[in-house]
Amino acid sequence: MIAPTDGLPAVLAGPIVRRAEPERVVLWLVTSRDMPLTLALYPDDDGRAQEPAARIPLAAATRGVRIGRHAWIQLIDVDLAAHAVPPLPVDVPIGYDLELGAARTSLAAAEPGLCYPGERRPRFAIRPRLTNLLHGSCRRPHHDSGDGMARADRWLGAQRDDTAEWPSVLLLTGDQIYADDVAGPMLRAIHALIARLGLWSETLAGATLPDSEALYACEYCYYQREELLPMEKTTRDLRDRFFGGTRKPVFTSATAGNHLITLAEVLAMYLLCWSDAPWRGLTFTRPELQGDENATYDAERPVIERFVAELPAARRLMANLPTAMIFDDHDITDDWNLTGEWMDSAYGHPFSCRIIGNALIAYLLCQGWGNRPEAFDDGVLDQVDHFIARRDGASQDALIDRLLSFDQWHFTLDTEPAVVVLDTRTRRWRRQRQPTRPSGLMDWEALSEMQGRLLGRDAVVMVSPAPIFGVKLIENIQRVFTFFGKPLMVDAENWMAHRGAAHTLLNIFRHRGTPRTFTILSGDVHYSFVYDVTLRFSAMRQRIWQITSSGVKNEFPRTLLDWFDRLNRWLYAPYSPLNWFTKRRRMRIVPRRPSPAERGERLVNGSGIGHVRFDAAGRPVAITELRADAPDVVFDYPDSEDENGHGRF
């Protein structure tokens, strides 16, 4: 079943450009062997230069984490001044190459797919003025559609002759992987890659199986992992949702049959979702399945094959464009930290805590580390090294405990306007008296710290994985289910579900010292929309744009979203009696019309990625959804009236 380990590409994933500043470059990649690396830089690269302006040995600038016999995660954080390299110019192409090993083999030559046609090497630009960006969330490999990342690659390829059109950043705003929703062929590929790379095994405390090897060999490994997940007798909300009063797994995903469990599984998932290289020469057969599972596997296989075919484009995009990322629930597990009761149940069981912790370790190594490397210098990486050196259950659980209390996942990009990326998952405002009701997405302390990052700025781009201003009908449906004690049934995660968090956030928007212009980028919901918002009773009269792009490779059930879209329009029209009792009176919220679109349509469904262009004052002036399988959609102007009956701006 397993291909031999010889013939592995030297670089399995990446390079991904994580930060690009005049005096600093941060790259992430995974190599199949430990080897010296050299960074070759070509400032103001017109593509004709044969020799780099600087060659930087990376031994001191690289921190590697060995995750298997043939796999090293490498984060390269280069302080150019420390190597006597002049600051890089802005707004021009910067070419780069990685020279591998003592022979200094060119990565660009070994992996020509990293370069756009006619270019010798990957090239990025440092764009301190935020003129435009790409953003999106929710990339589910076995959703039967094109990949929004590949669509973004085609779009960027068309801009290569005009550096002024290159985005400042690609923002991935949540659910970069689906750890809780995995296709059978993908899980089979994960296990083949684990064996091929020799990714580390682990013991499974609190599980019915002793270790990862027993998991991979057991009869419930494919499509039946609900049988293996920890069971909770006392949590009524979780129990009733699927099992009508019987024992229910702690995990709430409706698609947990292939939920990733081990750290090796999650790490392999990242490699297989971000690069075509691990798929080369990877062979695996269909596992032994039962009944309808065979048909499910056969239906999923061609979808995964089409996903793999588009991976070179996704890999090239991230090698040529600075990329920042933040988690949402599916990067870890569905409904992650939704309620206090969920948290008590999930973290109170050693096996479920290990599963969540494994996904968080993988997020640290594959996503969070590159956002703000210095945030992890205070002992976190030392603890990672300690765990890798020992590879026992105690050190793994100690690392997980450290990450569960870590509070520095958020970050800011120092562009103009700045991009402030929120952690809405790990610092939640718990309800002490009503733990079954949704927690606030950020607690008071986290919101206060966020306000400090906003003060004194004229404009800001804020990334909130869940929309701050959502679709009123859907939020009210969530509110009804929450009232009856069923928030998990409708994923009742919105800012307005917790009064304290909502009021604090709106007060921050109204504060005299916060920006007059907010652009909020969100994902999560599996459809796209744009609202123009004005706070009515604010001395500053802040302007807010809620721009939601979701998903990169996912979508909402089509018929259901069509009904929600039209019912929302009818039930909450400006003069609707129902709307009179539910007005958001302190705000003017005006939905933008997508074009092309059917009459009355405000929500856009289908895989793609968002593109936003800004004016000199940091206000969005062109908002487009670049669609993977359909014509692009432009959100070109607001409706004539908002939900409260006020004319448009």
# chains A, B, ... in the order shown; residues from 1 in each chain; ligands from 1
>>> select_by_dssp(residues="segment 304-341 of chain A", states="alpha helix (DSSP H)", output="number ranges by chain")
A: 304-309, 311-320, 340-341
>>> residues_around(residues="Asn371 of chain A", least_positions_apart="5", cutoff="8 Å", atoms="only C-alpha atoms", output="NGL selection string")
:A and (18-19 or 324-325 or 411)
>>> residues_around(residues="Ala277 of chain A", least_positions_apart="3", cutoff="7 Å", atoms="only C-alpha atoms", output="JSON, numbers by chain")
{"A": [9, 12, 13, 280]}
>>> closest_residue(among="A:Gly257, A:Pro122, A:Pro36, A:Gly610", to="Val182 of chain A", atoms="only C-alpha atoms")
A:Gly257
>>> closest_residue(among="A:Pro43, A:Gly368, A:Pro87, A:Pro230", to="Leu75 of chain A", atoms="only C-alpha atoms")
A:Gly368
>>> closest_residue(among="A:Leu134, A:Leu107, A:Leu263, A:Ala217", to="Leu360 of chain A", atoms="only C-alpha atoms")
A:Leu263
>>> atom_distance(atom1="atom CA of Leu29 of chain A", atom2="atom CA of Leu170 of chain A")
17.1 Å
>>> atom_distance(atom1="atom CA of Val308 of chain A", atom2="atom CA of Asn132 of chain A")
28.5 Å
>>> residues_around(residues="Arg431 of chain A", least_positions_apart="6", cutoff="9 Å", atoms="only C-alpha atoms", output="NGL selection string")
:A and (339-340 or 437-440 or 498)
>>> write_last_selection(atoms="N, CA, C and O atoms", output="PDB file, in the first residue's frame")
ATOM      1  N   THR A 339     -20.045  27.005  24.044  1.00  0.00           N
ATOM      2  CA  THR A 339     -20.685  27.292  25.329  1.00  0.00           C
ATOM      3  C   THR A 339     -19.759  26.864  26.463  1.00  0.00           C
ATOM      4  O   THR A 339     -18.844  26.055  26.276  1.00  0.00           O
ATOM      5  N   GLY A 340     -20.030  27.383  27.653  1.00  0.00           N
ATOM      6  CA  GLY A 340     -19.274  26.965  28.815  1.00  0.00           C
ATOM      7  C   GLY A 340     -19.445  25.488  29.102  1.00  0.00           C
ATOM      8  O   GLY A 340     -18.500  24.805  29.521  1.00  0.00           O
ATOM      9  N   ARG A 437     -25.813  28.411  27.338  1.00  0.00           N
ATOM     10  CA  ARG A 437     -26.052  29.441  26.327  1.00  0.00           C
ATOM     11  C   ARG A 437     -24.717  29.876  25.723  1.00  0.00           C
ATOM     12  O   ARG A 437     -23.666  29.726  26.335  1.00  0.00           O
ATOM     13  N   PRO A 438     -24.741  30.415  24.494  1.00  0.00           N
ATOM     14  CA  PRO A 438     -23.486  30.761  23.812  1.00  0.00           C
ATOM     15  C   PRO A 438     -22.646  31.750  24.608  1.00  0.00           C
ATOM     16  O   PRO A 438     -23.158  32.708  25.189  1.00  0.00           O
ATOM     17  N   SER A 439     -21.356  31.519  24.609  1.00  0.00           N
ATOM     18  CA  SER A 439     -20.414  32.463  25.205  1.00  0.00           C
ATOM     19  C   SER A 439     -20.202  33.629  24.249  1.00  0.00           C
ATOM     20  O   SER A 439     -20.440  33.527  23.037  1.00  0.00           O
ATOM     21  N   GLY A 440     -19.751  34.755  24.797  1.00  0.00           N
ATOM     22  CA  GLY A 440     -19.352  35.862  23.947  1.00  0.00           C
ATOM     23  C   GLY A 440     -18.091  35.507  23.190  1.00  0.00           C
ATOM     24  O   GLY A 440     -17.217  34.794  23.699  1.00  0.00           O
ATOM     25  N   HIS A 498     -24.437  37.266  22.687  1.00  0.00           N
ATOM     26  CA  HIS A 498     -24.033  37.521  24.071  1.00  0.00           C
ATOM     27  C   HIS A 498     -24.113  39.028  24.296  1.00  0.00           C
ATOM     28  O   HIS A 498     -23.367  39.798  23.709  1.00  0.00           O
TER      29      HIS A 498
END
>>> atom_distance(atom1="atom CA of Ala398 of chain A", atom2="atom CA of Trp429 of chain A")
24.8 Å
>>> residues_around(residues="Thr426 of chain A", least_positions_apart="4", cutoff="10 Å", atoms="only C-alpha atoms", output="list of chain:residue names")
A:Phe327, A:Asp328, A:Trp336, A:Asn337, A:Leu403, A:Leu404, A:Ser405, A:Phe406, A:Asp407, A:Gln408, A:Trp409, A:Leu441, A:Met442, A:Asp443, A:Ala446
>>> write_last_selection(atoms="N, CA and C atoms", output="short mmCIF file (atom, residue, chain, number, x, y, z; two decimals), in the first residue's frame")
data_model
loop_
_atom_site.label_atom_id
_atom_site.label_comp_id
_atom_site.auth_asym_id
_atom_site.auth_seq_id
_atom_site.Cartn_x
_atom_site.Cartn_y
_atom_site.Cartn_z
N PHE A 327 -7.41 30.97 13.10
CA PHE A 327 -8.27 29.79 13.19
C PHE A 327 -9.73 30.16 13.33
N ASP A 328 -10.58 29.19 12.97
CA ASP A 328 -11.97 29.16 13.38
C ASP A 328 -12.24 27.73 13.88
N TRP A 336 -16.17 24.64 18.50
CA TRP A 336 -15.08 24.80 19.45
C TRP A 336 -15.36 25.96 20.40
N ASN A 337 -15.50 25.64 21.69
CA ASN A 337 -15.72 26.62 22.77
C ASN A 337 -17.02 27.40 22.61
N LEU A 403 -0.80 25.48 25.65
CA LEU A 403 -1.46 26.14 24.52
C LEU A 403 -2.91 26.49 24.83
N LEU A 404 -3.57 25.70 25.66
CA LEU A 404 -4.96 26.01 26.01
C LEU A 404 -5.06 27.28 26.86
N SER A 405 -3.98 27.65 27.53
CA SER A 405 -3.98 28.88 28.32
C SER A 405 -3.27 30.02 27.60
N PHE A 406 -2.75 29.77 26.42
CA PHE A 406 -2.03 30.79 25.66
C PHE A 406 -3.01 31.84 25.16
N ASP A 407 -2.66 33.13 25.26
CA ASP A 407 -3.62 34.19 24.91
C ASP A 407 -3.04 35.19 23.91
N GLN A 408 -2.10 34.73 23.07
CA GLN A 408 -1.47 35.64 22.12
C GLN A 408 -1.63 35.17 20.67
N TRP A 409 -2.76 34.55 20.36
CA TRP A 409 -2.99 34.11 18.99
C TRP A 409 -3.33 35.26 18.06
N LEU A 441 -17.95 36.01 21.97
CA LEU A 441 -16.82 35.61 21.14
C LEU A 441 -15.49 36.13 21.68
N MET A 442 -15.51 37.21 22.44
CA MET A 442 -14.31 37.70 23.15
C MET A 442 -14.76 38.21 24.50
N ASP A 443 -13.93 38.00 25.53
CA ASP A 443 -14.30 38.49 26.84
C ASP A 443 -13.92 39.96 26.99
N ALA A 446 -10.17 40.81 26.63
CA ALA A 446 -9.69 40.73 25.25
C ALA A 446 -10.20 41.90 24.42
#
>>> residues_around(residues="Leu413 of chain A", least_positions_apart="2", cutoff="10 Å", atoms="only C-alpha atoms", output="NGL selection string")
:A and (19 or 128 or 169 or 324 or 371-372 or 411 or 415-421 or 461)
>>> write_last_selection(atoms="all heavy atoms", output="mmCIF file, in the first residue's frame")
data_model
loop_
_atom_site.group_PDB
_atom_site.id
_atom_site.type_symbol
_atom_site.label_atom_id
_atom_site.label_comp_id
_atom_site.auth_asym_id
_atom_site.auth_seq_id
_atom_site.Cartn_x
_atom_site.Cartn_y
_atom_site.Cartn_z
ATOM 1 N N ARG A 19 5.500 36.803 6.401
ATOM 2 C CA ARG A 19 5.640 38.244 6.632
ATOM 3 C C ARG A 19 6.652 38.787 5.630
ATOM 4 O O ARG A 19 7.664 38.138 5.336
ATOM 5 C CB ARG A 19 6.125 38.546 8.064
ATOM 6 C CG ARG A 19 5.233 38.043 9.172
ATOM 7 C CD ARG A 19 3.903 38.759 9.256
ATOM 8 N NE ARG A 19 3.987 40.121 9.712
ATOM 9 C CZ ARG A 19 3.648 40.537 10.942
ATOM 10 N NH1 ARG A 19 3.237 39.666 11.842
ATOM 11 N NH2 ARG A 19 3.716 41.812 11.264
ATOM 12 N N PRO A 128 3.252 48.415 1.930
ATOM 13 C CA PRO A 128 2.831 48.983 3.221
ATOM 14 C C PRO A 128 1.524 49.758 3.143
ATOM 15 O O PRO A 128 0.792 49.829 4.130
ATOM 16 C CB PRO A 128 4.002 49.880 3.610
ATOM 17 C CG PRO A 128 4.737 50.152 2.343
ATOM 18 C CD PRO A 128 4.542 48.963 1.476
ATOM 19 N N VAL A 169 -1.736 41.507 0.915
ATOM 20 C CA VAL A 169 -1.777 40.310 1.749
ATOM 21 C C VAL A 169 -2.932 39.419 1.304
ATOM 22 O O VAL A 169 -3.936 39.884 0.762
ATOM 23 C CB VAL A 169 -1.944 40.707 3.241
ATOM 24 C CG1 VAL A 169 -3.279 41.387 3.493
ATOM 25 C CG2 VAL A 169 -1.756 39.518 4.176
ATOM 26 N N ALA A 324 -1.431 35.613 5.756
ATOM 27 C CA ALA A 324 -1.697 35.591 7.192
ATOM 28 C C ALA A 324 -2.936 34.731 7.446
ATOM 29 O O ALA A 324 -3.822 34.637 6.590
ATOM 30 C CB ALA A 324 -1.902 37.001 7.734
ATOM 31 N N ASN A 371 2.422 33.910 11.892
ATOM 32 C CA ASN A 371 1.734 35.197 11.992
ATOM 33 C C ASN A 371 2.545 36.201 12.797
ATOM 34 O O ASN A 371 2.646 37.375 12.440
ATOM 35 C CB ASN A 371 0.360 35.025 12.658
ATOM 36 C CG ASN A 371 -0.627 34.311 11.775
ATOM 37 O OD1 ASN A 371 -0.623 34.470 10.557
ATOM 38 N ND2 ASN A 371 -1.486 33.501 12.381
ATOM 39 N N ARG A 372 3.077 35.736 13.912
ATOM 40 C CA ARG A 372 3.818 36.615 14.827
ATOM 41 C C ARG A 372 4.830 35.755 15.581
ATOM 42 O O ARG A 372 4.612 35.391 16.731
ATOM 43 C CB ARG A 372 2.832 37.294 15.780
ATOM 44 C CG ARG A 372 3.449 38.349 16.700
ATOM 45 C CD ARG A 372 2.374 39.297 17.251
ATOM 46 N NE ARG A 372 1.337 38.643 17.973
ATOM 47 C CZ ARG A 372 1.153 38.717 19.312
ATOM 48 N NH1 ARG A 372 1.994 39.419 20.047
ATOM 49 N NH2 ARG A 372 0.136 38.122 19.886
ATOM 50 N N PHE A 411 -3.082 39.028 16.210
ATOM 51 C CA PHE A 411 -1.919 39.731 15.687
ATOM 52 C C PHE A 411 -2.374 40.931 14.865
ATOM 53 O O PHE A 411 -3.562 41.065 14.523
ATOM 54 C CB PHE A 411 -1.033 38.808 14.842
ATOM 55 C CG PHE A 411 -1.721 38.190 13.643
ATOM 56 C CD1 PHE A 411 -1.612 38.752 12.377
ATOM 57 C CD2 PHE A 411 -2.470 37.030 13.785
ATOM 58 C CE1 PHE A 411 -2.241 38.175 11.281
ATOM 59 C CE2 PHE A 411 -3.107 36.447 12.690
ATOM 60 C CZ PHE A 411 -2.983 37.024 11.437
ATOM 61 N N THR A 415 0.338 47.540 8.219
ATOM 62 C CA THR A 415 0.104 48.238 6.962
ATOM 63 C C THR A 415 -0.610 49.547 7.272
ATOM 64 O O THR A 415 -0.883 49.869 8.431
ATOM 65 C CB THR A 415 -0.744 47.365 6.027
ATOM 66 O OG1 THR A 415 -1.917 46.919 6.751
ATOM 67 C CG2 THR A 415 0.036 46.148 5.563
ATOM 68 N N GLU A 416 -0.939 50.289 6.239
ATOM 69 C CA GLU A 416 -1.728 51.507 6.432
ATOM 70 C C GLU A 416 -2.913 51.485 5.474
ATOM 71 O O GLU A 416 -2.742 51.623 4.270
ATOM 72 C CB GLU A 416 -0.859 52.749 6.162
ATOM 73 C CG GLU A 416 -1.540 54.068 6.465
ATOM 74 C CD GLU A 416 -2.048 54.158 7.896
ATOM 75 O OE1 GLU A 416 -1.297 53.804 8.818
ATOM 76 O OE2 GLU A 416 -3.221 54.572 8.064
ATOM 77 N N PRO A 417 -4.133 51.267 5.971
ATOM 78 C CA PRO A 417 -4.483 51.056 7.381
ATOM 79 C C PRO A 417 -4.019 49.695 7.897
ATOM 80 O O PRO A 417 -3.777 48.771 7.115
ATOM 81 C CB PRO A 417 -6.010 51.140 7.359
ATOM 82 C CG PRO A 417 -6.400 50.700 5.989
ATOM 83 C CD PRO A 417 -5.317 51.213 5.082
ATOM 84 N N ALA A 418 -3.913 49.607 9.219
ATOM 85 C CA ALA A 418 -3.476 48.364 9.850
ATOM 86 C C ALA A 418 -4.544 47.285 9.713
ATOM 87 O O ALA A 418 -5.748 47.572 9.603
ATOM 88 C CB ALA A 418 -3.176 48.612 11.327
ATOM 89 N N VAL A 419 -4.094 46.039 9.720
ATOM 90 C CA VAL A 419 -4.989 44.889 9.734
ATOM 91 C C VAL A 419 -4.932 44.281 11.129
ATOM 92 O O VAL A 419 -3.877 43.794 11.563
ATOM 93 C CB VAL A 419 -4.585 43.844 8.680
ATOM 94 C CG1 VAL A 419 -5.523 42.634 8.739
ATOM 95 C CG2 VAL A 419 -4.595 44.454 7.281
ATOM 96 N N VAL A 420 -6.038 44.334 11.860
ATOM 97 C CA VAL A 420 -6.127 43.824 13.231
ATOM 98 C C VAL A 420 -6.909 42.513 13.191
ATOM 99 O O VAL A 420 -8.097 42.498 12.856
ATOM 100 C CB VAL A 420 -6.812 44.847 14.152
ATOM 101 C CG1 VAL A 420 -6.986 44.273 15.555
ATOM 102 C CG2 VAL A 420 -6.006 46.147 14.198
ATOM 103 N N VAL A 421 -6.230 41.408 13.491
ATOM 104 C CA VAL A 421 -6.814 40.076 13.375
ATOM 105 C C VAL A 421 -7.186 39.577 14.766
ATOM 106 O O VAL A 421 -6.341 39.526 15.672
ATOM 107 C CB VAL A 421 -5.837 39.110 12.686
ATOM 108 C CG1 VAL A 421 -6.476 37.729 12.533
ATOM 109 C CG2 VAL A 421 -5.424 39.650 11.319
ATOM 110 N N VAL A 461 -8.608 47.803 9.217
ATOM 111 C CA VAL A 461 -9.237 46.597 8.681
ATOM 112 C C VAL A 461 -9.212 45.567 9.803
ATOM 113 O O VAL A 461 -8.147 45.213 10.310
ATOM 114 C CB VAL A 461 -8.495 46.067 7.443
ATOM 115 C CG1 VAL A 461 -9.097 44.744 6.985
ATOM 116 C CG2 VAL A 461 -8.538 47.097 6.321
#
>>> residues_around(residues="Pro620 of chain A", least_positions_apart="4", cutoff="9 Å", atoms="only C-alpha atoms", output="number ranges by chain")
A: 132, 519, 545, 612-615
>>> write_last_selection(atoms="C-alpha atoms", output="mmCIF file, in the first residue's frame")
data_model
loop_
_atom_site.group_PDB
_atom_site.id
_atom_site.type_symbol
_atom_site.label_atom_id
_atom_site.label_comp_id
_atom_site.auth_asym_id
_atom_site.auth_seq_id
_atom_site.Cartn_x
_atom_site.Cartn_y
_atom_site.Cartn_z
ATOM 1 C CA ASN A 132 -6.038 45.868 -2.118
ATOM 2 C CA THR A 519 -13.651 47.451 7.364
ATOM 3 C CA TRP A 545 -18.230 47.935 6.050
ATOM 4 C CA VAL A 612 -11.238 44.315 -1.771
ATOM 5 C CA ARG A 613 -9.713 47.524 -3.117
ATOM 6 C CA PHE A 614 -9.181 50.554 -0.836
ATOM 7 C CA ASP A 615 -8.854 54.282 -1.446
#
>>> select_by_dssp(residues="segment 271-468 of chain A", states="strand (DSSP E or B)", output="VMD selection string")
chain A and resid 323 to 325 339 411 to 413 416 418 to 421 429 438 440 459 to 463
>>> write_last_selection(atoms="N, CA, C and O atoms", output="mmCIF file, in the first residue's frame")
data_model
loop_
_atom_site.group_PDB
_atom_site.id
_atom_site.type_symbol
_atom_site.label_atom_id
_atom_site.label_comp_id
_atom_site.auth_asym_id
_atom_site.auth_seq_id
_atom_site.Cartn_x
_atom_site.Cartn_y
_atom_site.Cartn_z
ATOM 1 N N THR A 323 1.004 35.904 3.295
ATOM 2 C CA THR A 323 -0.205 35.194 3.707
ATOM 3 C C THR A 323 -0.297 35.165 5.227
ATOM 4 O O THR A 323 0.642 34.752 5.909
ATOM 5 N N ALA A 324 -1.431 35.613 5.756
ATOM 6 C CA ALA A 324 -1.697 35.591 7.192
ATOM 7 C C ALA A 324 -2.936 34.731 7.446
ATOM 8 O O ALA A 324 -3.822 34.637 6.590
ATOM 9 N N MET A 325 -3.027 34.124 8.639
ATOM 10 C CA MET A 325 -4.071 33.139 8.919
ATOM 11 C C MET A 325 -4.541 33.243 10.358
ATOM 12 O O MET A 325 -3.762 33.567 11.243
ATOM 13 N N THR A 339 -20.045 27.005 24.044
ATOM 14 C CA THR A 339 -20.685 27.292 25.329
ATOM 15 C C THR A 339 -19.759 26.864 26.463
ATOM 16 O O THR A 339 -18.844 26.055 26.276
ATOM 17 N N PHE A 411 -3.082 39.028 16.210
ATOM 18 C CA PHE A 411 -1.919 39.731 15.687
ATOM 19 C C PHE A 411 -2.374 40.931 14.865
ATOM 20 O O PHE A 411 -3.562 41.065 14.523
ATOM 21 N N THR A 412 -1.431 41.808 14.572
ATOM 22 C CA THR A 412 -1.683 43.015 13.791
ATOM 23 C C THR A 412 -0.648 43.114 12.690
ATOM 24 O O THR A 412 0.541 42.901 12.922
ATOM 25 N N LEU A 413 -1.096 43.440 11.486
ATOM 26 C CA LEU A 413 -0.202 43.731 10.371
ATOM 27 C C LEU A 413 -0.061 45.241 10.258
ATOM 28 O O LEU A 413 -1.061 45.956 10.149
ATOM 29 N N GLU A 416 -0.939 50.289 6.239
ATOM 30 C CA GLU A 416 -1.728 51.507 6.432
ATOM 31 C C GLU A 416 -2.913 51.485 5.474
ATOM 32 O O GLU A 416 -2.742 51.623 4.270
ATOM 33 N N ALA A 418 -3.913 49.607 9.219
ATOM 34 C CA ALA A 418 -3.476 48.364 9.850
ATOM 35 C C ALA A 418 -4.544 47.285 9.713
ATOM 36 O O ALA A 418 -5.748 47.572 9.603
ATOM 37 N N VAL A 419 -4.094 46.039 9.720
ATOM 38 C CA VAL A 419 -4.989 44.889 9.734
ATOM 39 C C VAL A 419 -4.932 44.281 11.129
ATOM 40 O O VAL A 419 -3.877 43.794 11.563
ATOM 41 N N VAL A 420 -6.038 44.334 11.860
ATOM 42 C CA VAL A 420 -6.127 43.824 13.231
ATOM 43 C C VAL A 420 -6.909 42.513 13.191
ATOM 44 O O VAL A 420 -8.097 42.498 12.856
ATOM 45 N N VAL A 421 -6.230 41.408 13.491
ATOM 46 C CA VAL A 421 -6.814 40.076 13.375
ATOM 47 C C VAL A 421 -7.186 39.577 14.766
ATOM 48 O O VAL A 421 -6.341 39.526 15.672
ATOM 49 N N TRP A 429 -16.196 34.974 26.473
ATOM 50 C CA TRP A 429 -16.915 35.551 27.609
ATOM 51 C C TRP A 429 -17.944 34.521 28.061
ATOM 52 O O TRP A 429 -19.056 34.457 27.553
ATOM 53 N N PRO A 438 -24.741 30.415 24.494
ATOM 54 C CA PRO A 438 -23.486 30.761 23.812
ATOM 55 C C PRO A 438 -22.646 31.750 24.608
ATOM 56 O O PRO A 438 -23.158 32.708 25.189
ATOM 57 N N GLY A 440 -19.751 34.755 24.797
ATOM 58 C CA GLY A 440 -19.352 35.862 23.947
ATOM 59 C C GLY A 440 -18.091 35.507 23.190
ATOM 60 O O GLY A 440 -17.217 34.794 23.699
ATOM 61 N N ALA A 459 -8.188 54.710 10.259
ATOM 62 C CA ALA A 459 -8.932 53.629 9.610
ATOM 63 C C ALA A 459 -8.285 52.315 10.004
ATOM 64 O O ALA A 459 -7.097 52.262 10.344
ATOM 65 N N VAL A 460 -9.057 51.254 9.956
ATOM 66 C CA VAL A 460 -8.540 49.940 10.315
ATOM 67 C C VAL A 460 -9.305 48.879 9.535
ATOM 68 O O VAL A 460 -10.487 49.047 9.205
ATOM 69 N N VAL A 461 -8.608 47.803 9.217
ATOM 70 C CA VAL A 461 -9.237 46.597 8.681
ATOM 71 C C VAL A 461 -9.212 45.567 9.803
ATOM 72 O O VAL A 461 -8.147 45.213 10.310
ATOM 73 N N MET A 462 -10.376 45.105 10.201
ATOM 74 C CA MET A 462 -10.504 44.162 11.311
ATOM 75 C C MET A 462 -10.939 42.810 10.765
ATOM 76 O O MET A 462 -11.889 42.735 9.976
ATOM 77 N N VAL A 463 -10.261 41.757 11.182
ATOM 78 C CA VAL A 463 -10.639 40.403 10.784
ATOM 79 C C VAL A 463 -11.336 39.737 11.955
ATOM 80 O O VAL A 463 -10.739 39.509 13.009
#
>>> closest_residue(among="A:Ala597, A:Leu603, A:Leu317, A:Val30", to="Arg569 of chain A", atoms="only C-alpha atoms")
A:Leu603
>>> closest_residue(among="A:Thr534, A:Ser607, A:Gln290, A:Ser32", to="His143 of chain A", atoms="only C-alpha atoms")
A:Ser607
>>> closest_residue(among="A:Pro312, A:Gly198, A:Pro515, A:Pro86", to="Cys115 of chain A", atoms="only C-alpha atoms")
A:Pro312
